[in-house]
Amino acid sequence: MKITAIKVFVNSVSRNFVTIKIITDEGTYGVGDGTLNGREIAVVKYLEEHIAPCLIGRDPSQIEDIWQYLFKGAYWRKGPVTMTAIGAIDMALWDIKGKVAGMPVYQLLGGKSRKGVTAYGHANGESIDEVMATLGSMIEEGYKVVRLQSALPGAKGTYGTMGGKKNYYELQSDRPLPPELEWNTAKYMNFVPELFRRARAEYGNEIRLCHDVHNRLTPIEAARLGKLLEPYDLLFLEDMVPADNQDTFKLIRQHTTTPLAIGEIFNTVWDAKDLIQNQLIDYCRMAVSHGGGITPLRKVADFAAMYNVRMAPHGAPDLSPIACAAHIHFDLWAPNFAVQEFVGFGTPAMNSVFKFDLKFDDGLLYITDAPGLGVDFDEAEAAKYPYKRSYLPVNRLEDGTMWGW
Ligand code: EZ4
Ligand code: CO
């Protein structure tokens, strides 16, 4: 079998998605997700100009060799654009291998370690009351784990909210430049414990809760937040500080028993190595797309397992149903899988572009035994939604200082 073509698509059904199809001379094709939020076209060009020409004529069964070829062969290793492009190729090759074998990808990885995949959803709101109402309905829907994010009263927008405007994850193409939000750490620190106090008071101790700080604290502030939230028994606090310097987490770890999660922007195991090896985190949030594919992610999982770190892949709305499918196969297999971020089934338009048979029942996600990844991409439907430039928001302190969003 030989690769005859690699097609790259970008569409804006609900938001921008980069999708690839690897076509073979035997008619079998594989699909992959190369979406990099706000930098989509950089990945499209990387795939079209720098990867596709090198892979035409190669044997698609050689997943590991192709991965090594693209990683080592680039010379310029790592980085989000390179690794997302490699991730898309890797996913599509696993899809082909599964289709050829007549097996779902989780079987190729080693088979199921569990009957279904525990999912966590988002309860985002403009006020604590709004978040509580959403949490209540999600518990009724069957969720066992929910992430809580509330706008700060009086703020222009907080992570997970946009100050009464669109959701941060929707297409922002009516704004020519990144939306600008405002941040105040002191107000946040005073506010967020109340969010979790209310959740426990109203919904009890059984529901597992988590929260995403989105890289907005300093290490000592993060340590304090971990302590403040200890009474509310979080499953994890995510991204309290950036991990550019992995040593930073030593300070946080010394002060709090609140479990820590990080990794959605990590591109290789090297971003997580010290965090894992020194047992400074509890959950690794690396994704199949931005982390370079299924091939490296399974190695991260095995490495993490040695240090009691569990996998909790990123699953925000800017990961397409193809990455979602790849994650579910990975999650079914990984012995140290914990929880999968999951934002629902998408709009009817999305379901016309991405065809994926997924079920949610009593907190768990299930897929069918379709060969490969079990997700298909409709080129003609996708063409109805052309790319529209759209950015993630940026964040400033109230005095104008640029901050992390
Ligand atoms: O901000 O996917 O845990 N989820 C997140 C996401 C990220 C977006 C970035 O594109 O932090 O919502
Ligand atoms: Co996050």
# chains A, B, ... in the order shown; residues from 1 in each chain; ligands from 1
call {"tool": "residues_near_ligand", "arguments": {"ligand": "ligand 2", "cutoff": "8 Å", "atoms": "only C-alpha atoms and all ligand atoms", "output": "list in words"}}
result
Asp212, Val213, His214, Glu238, Asp239, Ile262, Glu264, His314 and Ala316 of chain A
call {"tool": "write_last_selection", "arguments": {"atoms": "C-alpha atoms", "output": "CSV table (one decimal), in the first residue's frame"}}
result
chain,number,residue,atom,x,y,z
A,212,ASP,CA,-9.1,25.7,35.0
A,213,VAL,CA,-7.0,28.7,36.2
A,214,HIS,CA,-5.7,29.2,32.6
A,238,GLU,CA,-5.7,22.9,35.9
A,239,ASP,CA,-3.0,25.3,34.6
A,262,ILE,CA,-1.5,20.6,33.2
A,264,GLU,CA,-2.9,21.1,27.0
A,314,HIS,CA,-7.6,18.1,26.4
A,316,ALA,CA,-12.1,21.8,24.3
call {"tool": "select_by_dssp", "arguments": {"residues": "range 157-252 of chain A", "states": "strand (DSSP E or B)", "output": "PDB file with N, CA and C atoms, in the first residue's frame"}}
result
ATOM      1  N   GLU A 180     -10.257  41.681  23.682  1.00  0.00           N
ATOM      2  CA  GLU A 180      -9.401  42.006  24.839  1.00  0.00           C
ATOM      3  C   GLU A 180     -10.215  41.924  26.125  1.00  0.00           C
ATOM      4  N   LEU A 181      -9.711  41.161  27.076  1.00  0.00           N
ATOM      5  CA  LEU A 181     -10.385  41.009  28.370  1.00  0.00           C
ATOM      6  C   LEU A 181      -9.491  41.581  29.475  1.00  0.00           C
ATOM      7  N   GLU A 182     -10.053  41.622  30.687  1.00  0.00           N
ATOM      8  CA  GLU A 182      -9.353  42.255  31.804  1.00  0.00           C
ATOM      9  C   GLU A 182      -9.234  41.265  32.960  1.00  0.00           C
ATOM     10  N   TRP A 183      -8.155  41.354  33.695  1.00  0.00           N
ATOM     11  CA  TRP A 183      -7.925  40.384  34.772  1.00  0.00           C
ATOM     12  C   TRP A 183      -7.505  41.080  36.055  1.00  0.00           C
ATOM     13  N   ARG A 208     -17.717  15.024  41.250  1.00  0.00           N
ATOM     14  CA  ARG A 208     -16.308  15.449  41.212  1.00  0.00           C
ATOM     15  C   ARG A 208     -16.231  16.779  40.478  1.00  0.00           C
ATOM     16  N   LEU A 209     -15.434  17.694  41.013  1.00  0.00           N
ATOM     17  CA  LEU A 209     -15.353  19.046  40.461  1.00  0.00           C
ATOM     18  C   LEU A 209     -13.918  19.389  40.077  1.00  0.00           C
ATOM     19  N   CYS A 210     -13.787  20.183  39.022  1.00  0.00           N
ATOM     20  CA  CYS A 210     -12.458  20.705  38.697  1.00  0.00           C
ATOM     21  C   CYS A 210     -12.571  22.144  38.213  1.00  0.00           C
ATOM     22  N   HIS A 211     -11.428  22.762  37.970  1.00  0.00           N
ATOM     23  CA  HIS A 211     -11.410  24.182  37.629  1.00  0.00           C
ATOM     24  C   HIS A 211     -10.127  24.464  36.849  1.00  0.00           C
ATOM     25  N   ASP A 212     -10.259  25.394  35.875  1.00  0.00           N
ATOM     26  CA  ASP A 212      -9.114  25.740  35.019  1.00  0.00           C
ATOM     27  C   ASP A 212      -8.711  27.184  35.306  1.00  0.00           C
ATOM     28  N   PHE A 236      -9.152  18.138  40.286  1.00  0.00           N
ATOM     29  CA  PHE A 236      -7.892  18.834  40.001  1.00  0.00           C
ATOM     30  C   PHE A 236      -8.101  20.309  39.743  1.00  0.00           C
ATOM     31  N   LEU A 237      -7.004  21.041  39.925  1.00  0.00           N
ATOM     32  CA  LEU A 237      -6.898  22.429  39.483  1.00  0.00           C
ATOM     33  C   LEU A 237      -5.983  22.392  38.270  1.00  0.00           C
ATOM     34  N   GLU A 238      -6.434  23.011  37.179  1.00  0.00           N
ATOM     35  CA  GLU A 238      -5.686  22.948  35.925  1.00  0.00           C
ATOM     36  C   GLU A 238      -4.942  24.261  35.662  1.00  0.00           C
TER      37      GLU A 238
END
call {"tool": "closest_residue", "arguments": {"among": "A:Pro259, A:Gly154, A:Gly38, A:Gly363", "to": "Ala222 in chain A", "atoms": "only C-alpha atoms"}}
result
A:Pro259
call {"tool": "residues_around", "arguments": {"residues": "Gly116 in chain A", "least_positions_apart": "3", "cutoff": "10 Å", "atoms": "only C-alpha atoms", "output": "list in words"}}
result
Lys112, Ser113, Ala119, Ile328, Asp331, Leu332, Lys359, Phe360, Asp361, Gly363, Leu364, Leu365, Tyr366 and Ile367 of chain A
call {"tool": "write_last_selection", "arguments": {"atoms": "N, CA, C and O atoms", "output": "JSON list (two decimals), in the first residue's frame"}}
result
[["chain", "number", "residue", "atom", "x", "y", "z"],
["A", 112, "LYS", "N", -9.19, -2.77, 25.37],
["A", 112, "LYS", "CA", -9.86, -1.94, 26.37],
["A", 112, "LYS", "C", -9.35, -2.20, 27.78],
["A", 112, "LYS", "O", -9.23, -3.35, 28.19],
["A", 113, "SER", "N", -9.13, -1.13, 28.52],
["A", 113, "SER", "CA", -8.83, -1.25, 29.95],
["A", 113, "SER", "C", -10.05, -0.91, 30.79],
["A", 113, "SER", "O", -9.98, -0.95, 32.03],
["A", 119, "ALA", "N", -16.17, 11.17, 31.28],
["A", 119, "ALA", "CA", -16.05, 12.48, 30.63],
["A", 119, "ALA", "C", -16.32, 13.58, 31.64],
["A", 119, "ALA", "O", -17.12, 13.41, 32.55],
["A", 328, "ILE", "N", -10.73, 9.03, 22.52],
["A", 328, "ILE", "CA", -11.53, 7.98, 23.15],
["A", 328, "ILE", "C", -10.88, 6.60, 22.95],
["A", 328, "ILE", "O", -10.85, 5.78, 23.87],
["A", 331, "ASP", "N", -8.03, 6.65, 25.39],
["A", 331, "ASP", "CA", -8.53, 6.59, 26.77],
["A", 331, "ASP", "C", -9.02, 5.17, 27.13],
["A", 331, "ASP", "O", -8.89, 4.74, 28.27],
["A", 332, "LEU", "N", -9.62, 4.51, 26.14],
["A", 332, "LEU", "CA", -10.10, 3.15, 26.41],
["A", 332, "LEU", "C", -8.94, 2.22, 26.73],
["A", 332, "LEU", "O", -9.06, 1.33, 27.56],
["A", 359, "LYS", "N", -21.73, 7.77, 22.11],
["A", 359, "LYS", "CA", -22.85, 7.76, 23.07],
["A", 359, "LYS", "C", -22.36, 8.17, 24.44],
["A", 359, "LYS", "O", -21.24, 7.83, 24.84],
["A", 360, "PHE", "N", -23.20, 8.89, 25.17],
["A", 360, "PHE", "CA", -22.89, 9.29, 26.55],
["A", 360, "PHE", "C", -23.97, 8.68, 27.43],
["A", 360, "PHE", "O", -25.16, 8.93, 27.22],
["A", 361, "ASP", "N", -23.55, 7.88, 28.39],
["A", 361, "ASP", "CA", -24.54, 7.25, 29.26],
["A", 361, "ASP", "C", -23.98, 7.16, 30.67],
["A", 361, "ASP", "O", -22.92, 6.57, 30.89],
["A", 363, "GLY", "N", -22.45, 9.18, 32.62],
["A", 363, "GLY", "CA", -21.10, 9.71, 32.88],
["A", 363, "GLY", "C", -20.01, 9.15, 32.00],
["A", 363, "GLY", "O", -18.89, 9.65, 32.01],
["A", 364, "LEU", "N", -20.34, 8.10, 31.21],
["A", 364, "LEU", "CA", -19.29, 7.47, 30.39],
["A", 364, "LEU", "C", -19.57, 7.66, 28.89],
["A", 364, "LEU", "O", -20.72, 7.64, 28.46],
["A", 365, "LEU", "N", -18.49, 7.79, 28.13],
["A", 365, "LEU", "CA", -18.57, 7.87, 26.66],
["A", 365, "LEU", "C", -18.29, 6.49, 26.08],
["A", 365, "LEU", "O", -17.39, 5.78, 26.54],
["A", 366, "TYR", "N", -19.06, 6.17, 25.04],
["A", 366, "TYR", "CA", -18.89, 4.88, 24.34],
["A", 366, "TYR", "C", -18.79, 5.13, 22.85],
["A", 366, "TYR", "O", -19.48, 5.99, 22.31],
["A", 367, "ILE", "N", -17.95, 4.35, 22.17],
["A", 367, "ILE", "CA", -17.91, 4.38, 20.71],
["A", 367, "ILE", "C", -18.26, 3.00, 20.18],
["A", 367, "ILE", "O", -18.26, 2.03, 20.94]]
call {"tool": "residues_near_ligand", "arguments": {"ligand": "ligand 1", "cutoff": "10 Å", "atoms": "only C-alpha atoms and all ligand atoms", "output": "ChimeraX atom specification"}}
result
/A:35-39,122,147,159-160,168-169,211-215,238-239,261-265,285,313-319,341-343,391-393,405
call {"tool": "decode", "arguments": {"residues": "range 264-314 of chain A", "atoms": "N, CA and C atoms", "output": "compact mmCIF listing (two decimals), in the first residue's frame"}}
result
# COMPACT_ATOMS: atom_id res chain seq x y z
N GLU A 264 -2.22 20.93 28.26
CA GLU A 264 -2.92 21.07 26.98
C GLU A 264 -2.09 21.78 25.92
N ILE A 265 -1.13 22.62 26.34
CA ILE A 265 -0.30 23.27 25.31
C ILE A 265 1.07 22.58 25.15
N PHE A 266 1.27 21.47 25.82
CA PHE A 266 2.54 20.75 25.66
C PHE A 266 2.60 20.08 24.28
N ASN A 267 3.79 20.10 23.68
CA ASN A 267 3.96 19.51 22.34
C ASN A 267 4.72 18.20 22.35
N THR A 268 5.58 18.03 23.35
CA THR A 268 6.33 16.77 23.42
C THR A 268 6.46 16.37 24.89
N VAL A 269 6.93 15.17 25.11
CA VAL A 269 7.13 14.67 26.47
C VAL A 269 8.12 15.56 27.24
N TRP A 270 8.98 16.26 26.51
CA TRP A 270 9.98 17.09 27.19
C TRP A 270 9.34 18.23 27.97
N ASP A 271 8.16 18.68 27.53
CA ASP A 271 7.45 19.73 28.27
C ASP A 271 6.97 19.23 29.63
N ALA A 272 6.82 17.92 29.74
CA ALA A 272 6.22 17.34 30.94
C ALA A 272 7.21 16.50 31.75
N LYS A 273 8.42 16.32 31.24
CA LYS A 273 9.32 15.32 31.81
C LYS A 273 9.60 15.55 33.30
N ASP A 274 10.01 16.76 33.66
CA ASP A 274 10.35 17.02 35.07
C ASP A 274 9.11 16.98 35.95
N LEU A 275 8.01 17.48 35.41
CA LEU A 275 6.75 17.48 36.17
C LEU A 275 6.34 16.06 36.52
N ILE A 276 6.52 15.16 35.55
CA ILE A 276 6.11 13.76 35.77
C ILE A 276 7.12 13.05 36.67
N GLN A 277 8.38 13.17 36.30
CA GLN A 277 9.43 12.42 37.00
C GLN A 277 9.55 12.83 38.47
N ASN A 278 9.29 14.09 38.76
CA ASN A 278 9.37 14.55 40.15
C ASN A 278 8.01 14.49 40.85
N GLN A 279 7.05 13.87 40.20
CA GLN A 279 5.69 13.74 40.75
C GLN A 279 5.14 15.08 41.22
N LEU A 280 5.29 16.09 40.35
CA LEU A 280 4.82 17.44 40.67
C LEU A 280 3.40 17.68 40.18
N ILE A 281 2.88 16.77 39.37
CA ILE A 281 1.50 16.88 38.89
C ILE A 281 0.80 15.53 39.07
N ASP A 282 -0.52 15.58 38.94
CA ASP A 282 -1.32 14.36 39.09
C ASP A 282 -1.97 13.94 37.78
N TYR A 283 -2.22 14.91 36.89
CA TYR A 283 -2.88 14.64 35.62
C TYR A 283 -2.14 15.34 34.49
N CYS A 284 -1.92 14.62 33.40
CA CYS A 284 -1.27 15.19 32.22
C CYS A 284 -2.34 15.39 31.14
N ARG A 285 -2.47 16.63 30.65
CA ARG A 285 -3.58 16.99 29.75
C ARG A 285 -3.16 17.06 28.29
N MET A 286 -2.06 16.42 27.94
CA MET A 286 -1.61 16.48 26.54
C MET A 286 -2.66 15.89 25.60
N ALA A 287 -2.67 16.43 24.37
CA ALA A 287 -3.68 16.04 23.37
C ALA A 287 -3.03 15.31 22.20
N VAL A 288 -3.79 14.46 21.53
CA VAL A 288 -3.27 13.74 20.36
C VAL A 288 -2.89 14.71 19.23
N SER A 289 -3.62 15.82 19.10
CA SER A 289 -3.30 16.74 18.01
C SER A 289 -2.06 17.57 18.36
N HIS A 290 -2.15 18.36 19.44
CA HIS A 290 -1.05 19.29 19.75
C HIS A 290 0.17 18.58 20.33
N GLY A 291 -0.02 17.36 20.77
CA GLY A 291 1.10 16.58 21.31
C GLY A 291 1.74 15.66 20.28
N GLY A 292 1.39 15.82 18.99
CA GLY A 292 2.11 15.10 17.94
C GLY A 292 1.55 13.73 17.58
N GLY A 293 0.35 13.40 18.07
CA GLY A 293 -0.27 12.15 17.62
C GLY A 293 -0.44 11.10 18.69
N ILE A 294 -1.04 9.98 18.27
CA ILE A 294 -1.26 8.85 19.17
C ILE A 294 0.09 8.20 19.51
N THR A 295 0.97 8.15 18.52
CA THR A 295 2.27 7.47 18.70
C THR A 295 3.05 8.03 19.90
N PRO A 296 3.26 9.36 20.00
CA PRO A 296 3.98 9.86 21.18
C PRO A 296 3.13 9.86 22.44
N LEU A 297 1.80 10.03 22.31
CA LEU A 297 0.98 10.14 23.52
C LEU A 297 0.96 8.82 24.30
N ARG A 298 1.00 7.71 23.59
CA ARG A 298 1.02 6.44 24.33
C ARG A 298 2.34 6.27 25.08
N LYS A 299 3.43 6.86 24.54
CA LYS A 299 4.71 6.79 25.26
C LYS A 299 4.67 7.68 26.50
N VAL A 300 4.05 8.85 26.36
CA VAL A 300 3.89 9.73 27.53
C VAL A 300 3.08 9.01 28.60
N ALA A 301 2.01 8.32 28.18
CA ALA A 301 1.16 7.62 29.15
C ALA A 301 1.96 6.55 29.91
N ASP A 302 2.76 5.79 29.18
CA ASP A 302 3.55 4.75 29.85
C ASP A 302 4.59 5.34 30.80
N PHE A 303 5.19 6.42 30.38
CA PHE A 303 6.18 7.12 31.24
C PHE A 303 5.46 7.67 32.48
N ALA A 304 4.33 8.32 32.27
CA ALA A 304 3.58 8.93 33.38
C ALA A 304 3.12 7.87 34.38
N ALA A 305 2.75 6.70 33.87
CA ALA A 305 2.25 5.64 34.75
C ALA A 305 3.29 5.24 35.80
N MET A 306 4.57 5.33 35.42
CA MET A 306 5.64 4.96 36.36
C MET A 306 5.68 5.88 37.58
N TYR A 307 5.07 7.07 37.43
CA TYR A 307 5.12 8.07 38.51
C TYR A 307 3.72 8.41 39.02
N ASN A 308 2.80 7.50 38.79
CA ASN A 308 1.42 7.70 39.27
C ASN A 308 0.75 8.95 38.73
N VAL A 309 1.16 9.38 37.56
CA VAL A 309 0.48 10.49 36.90
C VAL A 309 -0.51 9.89 35.91
N ARG A 310 -1.75 10.41 35.93
CA ARG A 310 -2.79 9.86 35.06
C ARG A 310 -3.10 10.80 33.91
N MET A 311 -3.62 10.23 32.84
CA MET A 311 -3.87 11.00 31.61
C MET A 311 -5.30 11.56 31.62
N ALA A 312 -5.40 12.83 31.25
CA ALA A 312 -6.71 13.51 31.18
C ALA A 312 -6.68 14.43 29.96
N PRO A 313 -6.80 13.87 28.74
CA PRO A 313 -6.56 14.66 27.53
C PRO A 313 -7.49 15.87 27.37
N HIS A 314 -6.91 16.90 26.77
CA HIS A 314 -7.62 18.13 26.43
C HIS A 314 -8.78 17.80 25.48
